[in-house]
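Data block for input-v1.txt (compact mmCIF, C-alpha atoms and all ligand atoms):
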```txt
# COMPACT_ATOMS: atom_id res chain seq x y z
CA MET R 1289 71.88 103.03 111.73
CA GLN R 1290 74.35 105.92 112.01
CA ALA R 1291 76.03 107.14 108.76
CA GLN R 1292 79.29 105.23 108.31
CA THR R 1293 82.65 106.92 107.82
CA PHE R 1294 84.70 105.16 105.15
CA HIS R 1295 88.48 105.22 104.93
CA THR R 1296 90.13 104.16 101.65
CA PHE R 1297 93.25 101.98 101.49
CA PRO R 1298 95.24 100.84 98.42
CA ALA R 1299 96.14 97.19 97.72
CA PRO R 1300 98.96 96.93 95.16
CA ALA R 1301 99.64 94.07 92.76
CA LYS R 1302 102.93 92.17 92.89
CA LEU R 1303 105.19 90.70 90.26
CA ASN R 1304 107.45 87.71 90.83
CA LEU R 1305 110.59 89.04 89.12
CA THR R 1306 112.01 85.53 89.34
CA LEU R 1307 110.50 82.33 90.78
CA LEU R 1308 112.52 79.21 91.51
CA ILE R 1309 111.01 76.05 93.00
CA THR R 1310 113.56 74.52 95.33
CA GLY R 1311 111.71 71.69 97.08
CA LYS R 1312 108.46 70.44 98.52
CA ARG R 1313 107.16 70.37 102.11
CA SER R 1314 105.54 67.32 103.67
CA ASP R 1315 102.14 69.07 103.45
CA GLY R 1316 102.48 69.33 99.65
CA TYR R 1317 103.36 73.05 99.50
CA HIS R 1318 106.34 73.86 97.31
CA LEU R 1319 109.40 75.73 98.57
CA LEU R 1320 110.20 78.83 96.58
CA ASP R 1321 112.97 81.33 96.06
CA THR R 1322 111.25 84.34 94.56
CA ASP R 1323 111.73 88.10 94.27
CA PHE R 1324 108.56 90.10 94.88
CA ARG R 1325 108.09 93.61 93.54
CA PHE R 1326 105.04 95.77 94.22
CA ILE R 1327 103.67 97.79 91.30
CA ASP R 1328 101.31 100.74 91.16
CA LEU R 1329 98.44 98.72 89.66
CA CYS R 1330 96.18 98.76 92.72
CA ASP R 1331 92.80 97.66 94.02
CA SER R 1332 91.35 99.94 96.64
CA ILE R 1333 89.26 99.09 99.65
CA ASP R 1334 86.82 101.35 101.49
CA ILE R 1335 86.46 100.39 105.13
CA ALA R 1336 84.08 101.70 107.79
CA VAL R 1337 84.23 100.50 111.38
CA ARG R 1338 80.92 99.41 112.91
CA ASP R 1339 80.14 98.62 116.50
CA ASP R 1340 77.81 95.62 116.01
CA GLY R 1341 80.60 93.14 115.19
CA VAL R 1342 79.20 92.38 111.70
CA ILE R 1343 81.59 92.02 108.74
CA GLU R 1344 79.77 93.05 105.58
CA LEU R 1345 81.01 93.24 102.00
CA LEU R 1346 78.82 95.69 100.08
CA ASN R 1347 79.81 94.59 96.57
CA PRO R 1348 80.65 90.87 96.35
CA MET R 1349 82.08 89.78 92.99
CA PRO R 1350 79.79 87.71 90.74
CA ASP R 1351 81.82 84.49 91.09
CA VAL R 1352 83.16 84.89 94.66
CA PRO R 1353 80.51 84.69 97.43
CA ALA R 1354 81.06 87.30 100.16
CA ASP R 1355 81.96 84.66 102.77
CA SER R 1356 84.77 83.37 100.49
CA ASP R 1357 86.12 86.79 99.59
CA LEU R 1358 89.61 87.18 101.02
CA THR R 1359 88.73 90.62 102.42
CA VAL R 1360 85.88 89.18 104.51
CA ARG R 1361 87.97 86.18 105.54
CA ALA R 1362 90.82 88.49 106.61
CA ALA R 1363 88.50 90.67 108.72
CA ARG R 1364 86.94 87.62 110.41
CA LEU R 1365 90.36 86.10 111.06
CA LEU R 1366 91.57 89.27 112.79
CA GLN R 1367 88.34 89.52 114.77
CA HIS R 1368 88.71 85.91 115.90
CA ALA R 1369 92.43 86.26 116.74
CA THR R 1370 92.03 89.45 118.78
CA GLY R 1371 88.52 89.03 120.20
CA SER R 1372 87.64 92.51 118.91
CA PRO R 1373 83.92 93.26 119.37
CA LEU R 1374 84.01 95.68 116.41
CA GLY R 1375 82.89 94.96 112.86
CA ALA R 1376 83.47 96.48 109.43
CA THR R 1377 81.68 97.41 106.25
CA LEU R 1378 83.89 96.79 103.20
CA ARG R 1379 83.70 97.88 99.58
CA VAL R 1380 86.35 96.57 97.17
CA HIS R 1381 87.23 98.35 93.91
CA LYS R 1382 88.95 95.70 91.74
CA ARG R 1383 91.44 96.75 89.11
CA ILE R 1384 93.93 93.90 89.46
CA PRO R 1385 92.84 91.04 87.18
CA MET R 1386 91.96 87.87 89.10
CA GLY R 1387 93.83 84.62 88.72
CA GLY R 1388 96.62 86.44 86.95
CA GLY R 1389 99.54 85.76 89.27
CA LEU R 1390 99.40 89.39 90.41
CA GLY R 1391 98.33 88.52 93.95
CA GLY R 1392 95.27 90.80 94.01
CA GLY R 1393 93.22 88.68 96.41
CA SER R 1394 96.18 88.24 98.75
CA SER R 1395 96.93 91.96 98.62
CA ASP R 1396 93.30 92.82 99.40
CA ALA R 1397 93.48 90.50 102.42
CA ALA R 1398 96.75 92.05 103.62
CA THR R 1399 95.37 95.57 103.30
CA VAL R 1400 92.29 94.62 105.35
CA LEU R 1401 94.51 93.11 108.06
CA LEU R 1402 96.77 96.20 108.17
CA ALA R 1403 93.86 98.65 108.08
CA LEU R 1404 91.61 96.94 110.64
CA ASN R 1405 94.54 96.33 113.00
CA ARG R 1406 94.84 100.10 113.04
CA LEU R 1407 91.13 101.07 112.91
CA TRP R 1408 90.09 98.55 115.57
CA GLY R 1409 93.11 99.44 117.71
CA CYS R 1410 94.22 95.79 117.97
CA GLY R 1411 97.90 96.64 118.25
CA LEU R 1412 99.18 93.42 116.64
CA SER R 1413 102.80 93.58 115.46
CA ARG R 1414 103.64 93.27 111.78
CA GLU R 1415 105.05 89.77 112.49
CA ALA R 1416 101.82 88.69 114.19
CA LEU R 1417 99.79 89.98 111.23
CA MET R 1418 102.05 88.08 108.84
CA GLN R 1419 101.47 84.87 110.79
CA LEU R 1420 97.73 85.40 110.55
CA GLY R 1421 98.00 86.32 106.87
CA VAL R 1422 99.77 83.15 105.79
CA GLN R 1423 96.68 81.20 106.91
CA LEU R 1424 94.80 82.93 104.09
CA GLY R 1425 97.40 82.38 101.37
CA ALA R 1426 101.13 81.98 100.81
CA ASP R 1427 101.30 85.39 99.13
CA VAL R 1428 99.71 87.38 101.95
CA PRO R 1429 102.80 87.83 104.23
CA VAL R 1430 104.85 89.82 101.71
CA PHE R 1431 102.13 92.44 101.39
CA ILE R 1432 102.12 92.86 105.19
CA PHE R 1433 105.94 92.88 105.27
CA GLY R 1434 105.51 95.98 103.13
CA LYS R 1435 108.79 96.03 101.23
CA ASN R 1436 109.95 94.50 97.99
CA ALA R 1437 111.46 91.24 99.14
CA ARG R 1438 113.21 88.02 98.36
CA ALA R 1439 111.06 85.22 99.75
CA THR R 1440 111.93 81.67 100.66
CA GLY R 1441 109.92 78.97 102.43
CA ILE R 1442 106.49 79.14 100.85
CA GLY R 1443 106.79 82.90 100.68
CA GLU R 1444 106.81 83.72 104.38
CA GLN R 1445 110.58 84.02 104.98
CA LEU R 1446 111.31 87.50 103.73
CA THR R 1447 114.38 89.67 103.24
CA GLU R 1448 114.13 93.23 101.99
CA LEU R 1449 115.22 93.73 98.40
CA ALA R 1450 116.56 97.05 97.10
CA LEU R 1451 115.31 97.51 93.55
CA ALA R 1452 116.08 100.22 91.01
CA ASP R 1453 113.28 102.26 89.46
CA ALA R 1454 111.59 100.34 86.65
CA TRP R 1455 108.42 100.32 84.60
CA TYR R 1456 106.49 97.26 83.55
CA VAL R 1457 104.15 96.31 80.78
CA VAL R 1458 101.85 93.60 82.12
CA CYS R 1459 99.72 91.54 79.71
CA LYS R 1460 96.76 89.41 80.74
CA PRO R 1461 96.17 86.47 78.40
CA PRO R 1462 92.45 85.61 78.20
CA VAL R 1463 92.68 82.59 80.52
CA HIS R 1464 92.23 82.08 84.26
CA VAL R 1465 94.99 79.94 85.79
CA ALA R 1466 94.33 78.19 89.13
CA THR R 1467 97.48 78.06 91.28
CA GLY R 1468 97.01 74.60 92.88
CA PRO R 1469 96.74 72.55 89.67
CA VAL R 1470 99.82 74.29 88.20
CA PHE R 1471 101.96 73.27 91.19
CA GLN R 1472 100.49 69.75 90.95
CA GLU R 1473 101.47 69.50 87.29
CA PHE R 1474 104.99 70.72 88.16
CA SER R 1475 105.21 67.91 90.74
CA GLN R 1476 104.02 65.34 88.20
CA ARG R 1477 106.76 66.47 85.86
CA LEU R 1478 109.38 65.92 88.58
CA LEU R 1479 108.45 62.23 88.53
CA THR R 1480 109.04 61.91 84.78
CA GLY R 1481 112.17 64.11 84.66
CA ARG R 1482 110.41 66.89 82.72
CA ALA R 1483 111.04 69.31 85.60
CA SER R 1484 113.59 69.59 88.39
CA PHE R 1485 114.11 71.63 91.52
CA SER R 1486 116.28 74.73 91.00
CA ILE R 1487 118.33 74.18 94.15
CA MET R 1488 121.75 74.86 92.63
CA ARG R 1489 120.53 78.01 90.88
CA SER R 1490 119.03 79.24 94.14
CA LEU R 1491 122.18 78.51 96.17
CA SER R 1492 124.48 80.09 93.60
CA GLY R 1493 122.46 83.32 93.64
CA ALA R 1494 122.32 83.34 89.82
CA THR R 1495 120.91 86.66 88.65
CA GLN R 1496 119.28 85.48 85.43
CA LYS R 1497 115.52 85.63 85.84
CA GLN R 1498 113.32 82.58 85.33
CA ASN R 1499 109.97 81.25 86.44
CA ASP R 1500 109.91 77.48 86.97
CA LEU R 1501 106.13 77.41 86.53
CA GLN R 1502 106.27 79.15 83.15
CA PRO R 1503 107.01 76.07 80.98
CA VAL R 1504 104.10 74.23 82.63
CA VAL R 1505 101.60 77.06 82.13
CA ALA R 1506 102.81 77.94 78.62
CA GLU R 1507 102.25 74.33 77.54
CA ILE R 1508 98.79 73.96 79.11
CA TYR R 1509 97.59 77.41 78.00
CA PRO R 1510 98.66 78.28 74.42
CA ALA R 1511 97.34 81.82 74.97
CA VAL R 1512 100.12 82.39 77.54
CA LYS R 1513 102.73 81.12 75.10
CA GLN R 1514 101.38 83.44 72.41
CA VAL R 1515 101.66 86.47 74.68
CA LEU R 1516 105.20 85.47 75.72
CA ASN R 1517 106.14 85.22 72.03
CA ARG R 1518 104.59 88.56 71.18
CA LEU R 1519 106.26 90.36 74.10
CA SER R 1520 109.64 88.85 73.28
CA GLU R 1521 109.66 91.18 70.25
CA TYR R 1522 110.42 93.95 72.77
CA GLY R 1523 112.69 92.23 75.31
CA SER R 1524 112.76 89.23 77.66
CA PRO R 1525 109.27 88.70 79.10
CA LEU R 1526 108.49 86.49 82.09
CA MET R 1527 105.32 85.08 83.58
CA THR R 1528 104.46 86.22 87.12
CA GLY R 1529 103.63 83.65 89.82
CA SER R 1530 101.51 80.80 88.53
CA GLY R 1531 100.32 82.99 85.65
CA ALA R 1532 98.57 83.85 83.51
CA CYS R 1533 100.00 87.39 83.37
CA VAL R 1534 103.23 88.04 81.52
CA PHE R 1535 105.37 91.12 82.03
CA LEU R 1536 108.29 92.96 80.54
CA GLU R 1537 110.58 95.26 82.52
CA LEU R 1538 111.50 98.55 80.84
CA ALA R 1539 114.09 101.06 81.96
CA ASN R 1540 111.91 104.13 81.60
CA GLU R 1541 108.35 105.28 81.29
CA ASP R 1542 108.60 106.32 77.63
CA GLN R 1543 109.70 102.87 76.54
CA ALA R 1544 106.96 101.27 78.64
CA ASN R 1545 104.32 103.55 77.09
CA LYS R 1546 105.54 102.74 73.57
CA VAL R 1547 105.22 98.99 74.15
CA PHE R 1548 101.87 99.51 75.88
CA HIS R 1549 100.47 101.48 72.93
CA SER R 1550 101.63 98.96 70.36
CA LEU R 1551 99.92 96.11 72.26
CA SER R 1552 96.80 97.76 73.60
CA GLY R 1553 94.65 97.09 70.52
CA GLU R 1554 95.49 93.36 70.63
CA MET R 1555 95.16 92.29 74.25
CA THR R 1556 94.46 93.34 77.82
CA VAL R 1557 97.56 95.23 78.86
CA TYR R 1558 98.58 97.52 81.72
CA VAL R 1559 101.53 99.81 82.24
CA ALA R 1560 102.77 100.11 85.81
CA LYS R 1561 105.61 101.64 87.77
CA GLY R 1562 107.60 99.54 90.21
CA LEU R 1563 107.03 100.74 93.78
CA LYS R 1564 109.77 101.22 96.37
CA ALA R 1565 107.46 99.98 99.12
CA HIS R 1566 103.86 99.05 99.91
CA PRO R 1567 101.66 102.16 99.92
CA VAL R 1568 100.01 101.30 103.27
CA SER R 1569 102.25 101.73 106.27
CA ASP R 1570 101.02 100.29 109.56
CA GLY R 1571 102.28 103.24 111.50
CA GLU R 1572 105.41 101.49 112.81
C1 LIG H 1 102.65 81.09 92.98
C2 LIG H 1 102.58 82.35 93.82
C3 LIG H 1 103.96 83.06 93.79
O1 LIG H 1 103.91 84.31 94.40
O2 LIG H 1 101.68 83.34 93.37
P1 LIG H 1 100.29 83.42 92.53
O3 LIG H 1 100.51 83.00 91.14
O4 LIG H 1 99.26 82.57 93.18
O5 LIG H 1 99.91 84.88 92.61
C4 LIG H 1 102.27 82.00 95.29
O6 LIG H 1 103.25 81.22 95.88
C5 LIG H 1 100.93 81.36 95.50
O7 LIG H 1 100.37 81.93 96.64
P2 LIG H 1 98.79 81.92 96.88
O8 LIG H 1 98.06 82.32 95.63
O9 LIG H 1 98.55 82.70 98.12
O10 LIG H 1 98.57 80.39 97.04
P3 LIG H 1 97.72 79.58 98.10
O11 LIG H 1 96.31 80.02 98.02
O12 LIG H 1 98.41 79.56 99.41
O13 LIG H 1 97.85 78.10 97.47
C6 LIG H 1 97.02 77.56 96.48
C7 LIG H 1 97.50 76.13 96.20
O14 LIG H 1 98.73 76.20 95.44
C8 LIG H 1 99.66 75.21 95.89
N1 LIG H 1 100.88 75.87 96.36
C9 LIG H 1 100.87 77.20 96.64
C10 LIG H 1 102.01 77.83 97.05
C11 LIG H 1 103.20 77.06 97.18
N2 LIG H 1 104.34 77.63 97.59
N3 LIG H 1 103.18 75.75 96.90
C12 LIG H 1 102.05 75.14 96.48
O15 LIG H 1 102.06 73.94 96.21
C13 LIG H 1 98.96 74.42 96.98
O16 LIG H 1 98.37 73.29 96.36
C14 LIG H 1 97.86 75.35 97.45
O17 LIG H 1 96.75 74.66 97.96
N1 LIG H 2 89.19 90.02 97.04
C1 LIG H 2 89.54 89.10 96.14
N2 LIG H 2 90.15 89.49 95.00
C2 LIG H 2 90.54 88.58 94.09
N3 LIG H 2 90.34 87.26 94.20
C3 LIG H 2 89.72 86.80 95.29
C4 LIG H 2 89.31 87.71 96.31
N4 LIG H 2 88.76 86.97 97.27
C5 LIG H 2 88.82 85.70 96.89
N5 LIG H 2 89.40 85.56 95.69
C6 LIG H 2 89.66 84.29 94.98
O1 LIG H 2 91.09 84.11 94.88
C7 LIG H 2 91.46 83.67 93.58
C8 LIG H 2 92.90 84.13 93.28
O2 LIG H 2 92.88 85.50 93.10
P1 LIG H 2 94.15 86.44 92.90
O3 LIG H 2 94.87 86.61 94.19
O4 LIG H 2 93.66 87.70 92.27
O5 LIG H 2 95.03 85.70 91.83
P2 LIG H 2 96.46 85.04 91.89
O6 LIG H 2 96.51 84.09 93.09
O7 LIG H 2 96.59 84.35 90.60
O8 LIG H 2 97.45 86.14 92.02
C9 LIG H 2 90.38 84.27 92.67
O9 LIG H 2 90.22 83.52 91.50
C10 LIG H 2 89.13 84.26 93.54
O10 LIG H 2 88.42 83.04 93.38
```

Written form, structure tokens:
Amino acid sequence: MQAQTFHTFPAPAKLNLTLLITGKRSDGYHLLDTDFRFIDLCDSIDIAVRDDGVIELLNPMPDVPADSDLTVRAARLLQHATGSPLGATLRVHKRIPMGGGLGGGSSDAATVLLALNRLWGCGLSREALMQLGVQLGADVPVFIFGKNARATGIGEQLTELALADAWYVVCKPPVHVATGPVFQEFSQRLLTGRASFSIMRSLSGATQKQNDLQPVVAEIYPAVKQVLNRLSEYGSPLMTGSGACVFLELANEDQANKVFHSLSGEMTVYVAKGLKAHPVSDGE
């Protein structure tokens, strides 16, 4: 086989700067009102086009079979939707911790959709790619949208959000949180009055940040509560998405580095800059 030419594309993590749950759809998905911010903690994906139509992942992760990997699923979905006869060889360099509420898998999928749309010459619009992406996960559309955004619906109704420069310390408690069961537990709590929809807060446009999934996760996973407590020594931390990661926003890089250094001996911690936009543009 001919030597393959690889192109490398970044896939940034996201933070949910605030996350309100405002209702539930008939299919069980919860309606959200959430602010997404991209950060410069990134996976990267090497992609080479091949002409035999095969989608191959060179380095599957130990606990995710290649066929289940969101990069492979994204490539196959685009192939199916466009009828492209081309294939791709993929290599994923993971840096974003998995199951952390940082959207790494969704971001990898979005980057593959954006990159292959270009490399295969499919010519799908950003909107069409977003509609494909949501089939892979509720978080995929925002990464294709490409701008920091306020999201409603299940994350697919997006409005651009202008955000000031900021730095983040992101801590990863030593637990893996599965998104589905956390939403299920939130729903259970609605029945017993231990949780409620944040409709009024959403409608009023209140600026105070909160994550409606945080009380659920902090109770089920004491390690998350411990990290929240530790970070609150430096400011007002919040969990991102369905957890487990917890972050603190700092006004400048020096402050972020100071907090990072004081925590780095105790736990897995990252320092990241907030991005103005997604680092992959689709050429539009
Ligand atoms: C909570 C959020 C916030 O950004 O982020 P993460 O913590 O996963 O990163 C997202 O809405 C997650 O999106 P994503 O991780 O793509 O979730 P999906 O794979 O679509 O959904 C996994 C499961 O979570 C539940 N789910 C997910 C999203 C949603 N709005 N309502 C839900 O009830 C459903 O049971 C679904 O089967
Ligand atoms: N390329 C990928 N990167 C990360 N996770 C993946 C990938 N493909 C499939 N997954 C699966 O998706 C799950 C959620 O991953 P991820 O998006 O990183 O976390 P979260 O939804 O908490 O933000 C993982 O636990 C893993 O089983």

Given 7 Å and all atoms listed in the file, residues near ligand LIG 1 (chain H) as a ChimeraX atom specification: /R:1304,1316-1320,1388-1391,1394,1424-1428,1442-1443,1467-1469,1471-1472,1528-1531

Close residues, R:Gly1387 itself excluded, 9 Å, all atoms listed in the file, min 5 positions apart in chain, as an mmCIF file with C-alpha atoms, in the frame of the given file:
```cif
data_model
loop_
_atom_site.group_PDB
_atom_site.id
_atom_site.type_symbol
_atom_site.label_atom_id
_atom_site.label_comp_id
_atom_site.auth_asym_id
_atom_site.auth_seq_id
_atom_site.Cartn_x
_atom_site.Cartn_y
_atom_site.Cartn_z
ATOM 1 C CA GLY R 1392 95.270 90.800 94.010
ATOM 2 C CA GLY R 1393 93.220 88.680 96.410
ATOM 3 C CA VAL R 1463 92.680 82.590 80.520
ATOM 4 C CA HIS R 1464 92.230 82.080 84.260
ATOM 5 C CA VAL R 1465 94.990 79.940 85.790
ATOM 6 C CA ALA R 1466 94.330 78.190 89.130
ATOM 7 C CA THR R 1467 97.480 78.060 91.280
ATOM 8 C CA SER R 1530 101.510 80.800 88.530
ATOM 9 C CA GLY R 1531 100.320 82.990 85.650
ATOM 10 C CA ALA R 1532 98.570 83.850 83.510
ATOM 11 C CA CYS R 1533 100.000 87.390 83.370
#
```

How many Å separate atom CA of R:Glu1541 from atom CA of R:Asp1323?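 For atom CA of R:Glu1541 relative to atom CA of R:Asp1323, the distance reads 21.8 Å.
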
As AutoDock Vina command-line options, please: the centre and edge lengths in Å, to one decimal, of an axis-aligned box enclosing every listed atom of ligand LIG 2 (chain H) with 8 Å added on each side.
```
--center_x 92.9 --center_y 86.5 --center_z 93.9 --size_x 25.0 --size_y 23.0 --size_z 22.7
```

Under the rule that only C-alpha atoms and all ligand atoms are counted, which of R:Ser1492, R:Leu1412, R:Glu1473, R:Lys1382 is the nearest residue to ligand LIG 2 (chain H)?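 So, comparing all the options, the nearest one is R:Lys1382.
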
Quick check, in Å to one decimal: how far apart do atom CA of R:Arg1518 and atom CA of R:Met1386 lie?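 If I compute the distance from atom CA of R:Arg1518 to atom CA of R:Met1386, I get 21.9 Å.
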
When you count all atoms listed in the file, which of these residues is closest to ligand LIG 2 (chain H): R:Val1534, R:Arg1338, R:Thr1447, R:Leu1519?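 The answer is R:Val1534, which sits nearest to ligand LIG 2 (chain H).
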
So which residues touch R:Thr1399 within 8 Å, counting all atoms listed in the file, skipping near sequence neighbours fewer than 6 positions away, as a count of residues only? 7

Which of these residues is nearest to ligand LIG 2 (chain H), using only C-alpha atoms and all ligand atoms: R:Val1360, R:Leu1449, R:Val1515, R:Ile1309?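 Among the listed residues, the smallest separation from ligand LIG 2 (chain H) belongs to R:Val1360.
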
Compile a residue-level contact table for stretch 1311-1384 of chain R against stretch 1552-1562 of chain R at a cut-off of 6 Å, reporting for every qualifying residue the shortest atom pair and its distance in Å to one decimal, with all atoms listed in the file counted, rows ordered by chain and ascending number, as JSON lines.
```
{"residue": "R:Ile1327", "atom": "CA", "partner": "R:Gly1562", "partner_atom": "CA", "distance": 4.4}
{"residue": "R:Asp1328", "atom": "CA", "partner": "R:Lys1561", "partner_atom": "CA", "distance": 5.5}
{"residue": "R:Leu1329", "atom": "CA", "partner": "R:Ala1560", "partner_atom": "CA", "distance": 6.0}
```

Saved selection, atoms kept: C-alpha atoms, as a PDB file, in the coordinates of the input:
```
ATOM      1  CA  ILE R1327     103.670  97.790  91.300  1.00  0.00           C
ATOM      2  CA  ASP R1328     101.310 100.740  91.160  1.00  0.00           C
ATOM      3  CA  LEU R1329      98.440  98.720  89.660  1.00  0.00           C
TER       4      LEU R1329
END
```

Using all atoms listed in the file, which protein or nucleic acid residues come within 10 Å of R:Arg1414? Drop anything in the same chain fewer than 5 positions from it, and give the result as number ranges by chain. R: 1401-1402, 1405, 1419-1420, 1429, 1432-1434, 1570, 1572

Using all atoms listed in the file for the distances, tell me which of R:Ala1437, R:Met1527, R:Leu1374, R:Ala1369 is nearest to ligand LIG 2 (chain H). R:Met1527

Can you fill out stretch 1314-1328 of chain R with N, CA and C atoms and hand it back as a PDB file, in the coordinates of the input?
```pdb
ATOM      1  N   SER R1314     106.306  68.565 103.465  1.00  0.00           N
ATOM      2  CA  SER R1314     105.540  67.320 103.670  1.00  0.00           C
ATOM      3  C   SER R1314     104.032  67.553 103.491  1.00  0.00           C
ATOM      4  N   ASP R1315     103.577  68.808 103.650  1.00  0.00           N
ATOM      5  CA  ASP R1315     102.140  69.070 103.450  1.00  0.00           C
ATOM      6  C   ASP R1315     101.798  69.351 101.989  1.00  0.00           C
ATOM      7  N   GLY R1316     102.771  69.174 101.086  1.00  0.00           N
ATOM      8  CA  GLY R1316     102.480  69.330  99.650  1.00  0.00           C
ATOM      9  C   GLY R1316     102.812  70.718  99.110  1.00  0.00           C
ATOM     10  N   TYR R1317     102.998  71.712  99.981  1.00  0.00           N
ATOM     11  CA  TYR R1317     103.360  73.050  99.500  1.00  0.00           C
ATOM     12  C   TYR R1317     104.786  73.040  98.963  1.00  0.00           C
ATOM     13  N   HIS R1318     105.017  73.806  97.923  1.00  0.00           N
ATOM     14  CA  HIS R1318     106.340  73.860  97.310  1.00  0.00           C
ATOM     15  C   HIS R1318     107.177  74.996  97.922  1.00  0.00           C
ATOM     16  N   LEU R1319     108.479  74.716  98.053  1.00  0.00           N
ATOM     17  CA  LEU R1319     109.400  75.730  98.570  1.00  0.00           C
ATOM     18  C   LEU R1319     109.862  76.603  97.413  1.00  0.00           C
ATOM     19  N   LEU R1320     109.888  77.881  97.649  1.00  0.00           N
ATOM     20  CA  LEU R1320     110.200  78.830  96.580  1.00  0.00           C
ATOM     21  C   LEU R1320     111.424  79.668  96.921  1.00  0.00           C
ATOM     22  N   ASP R1321     111.994  80.247  95.899  1.00  0.00           N
ATOM     23  CA  ASP R1321     112.970  81.330  96.060  1.00  0.00           C
ATOM     24  C   ASP R1321     112.521  82.355  95.033  1.00  0.00           C
ATOM     25  N   THR R1322     111.888  83.417  95.509  1.00  0.00           N
ATOM     26  CA  THR R1322     111.250  84.340  94.560  1.00  0.00           C
ATOM     27  C   THR R1322     111.454  85.794  94.987  1.00  0.00           C
ATOM     28  N   ASP R1323     111.594  86.657  93.996  1.00  0.00           N
ATOM     29  CA  ASP R1323     111.730  88.100  94.270  1.00  0.00           C
ATOM     30  C   ASP R1323     110.392  88.774  93.987  1.00  0.00           C
ATOM     31  N   PHE R1324     109.836  89.394  95.019  1.00  0.00           N
ATOM     32  CA  PHE R1324     108.560  90.100  94.880  1.00  0.00           C
ATOM     33  C   PHE R1324     108.802  91.582  94.661  1.00  0.00           C
ATOM     34  N   ARG R1325     108.087  92.140  93.696  1.00  0.00           N
ATOM     35  CA  ARG R1325     108.090  93.610  93.540  1.00  0.00           C
ATOM     36  C   ARG R1325     106.650  94.104  93.498  1.00  0.00           C
ATOM     37  N   PHE R1326     106.364  95.134  94.288  1.00  0.00           N
ATOM     38  CA  PHE R1326     105.040  95.770  94.220  1.00  0.00           C
ATOM     39  C   PHE R1326     105.009  96.729  93.036  1.00  0.00           C
ATOM     40  N   ILE R1327     103.840  96.833  92.403  1.00  0.00           N
ATOM     41  CA  ILE R1327     103.670  97.790  91.300  1.00  0.00           C
ATOM     42  C   ILE R1327     102.449  98.669  91.575  1.00  0.00           C
ATOM     43  N   ASP R1328     102.383  99.780  90.836  1.00  0.00           N
ATOM     44  CA  ASP R1328     101.310 100.740  91.160  1.00  0.00           C
ATOM     45  C   ASP R1328      99.978 100.441  90.461  1.00  0.00           C
TER      46      ASP R1328
END
```
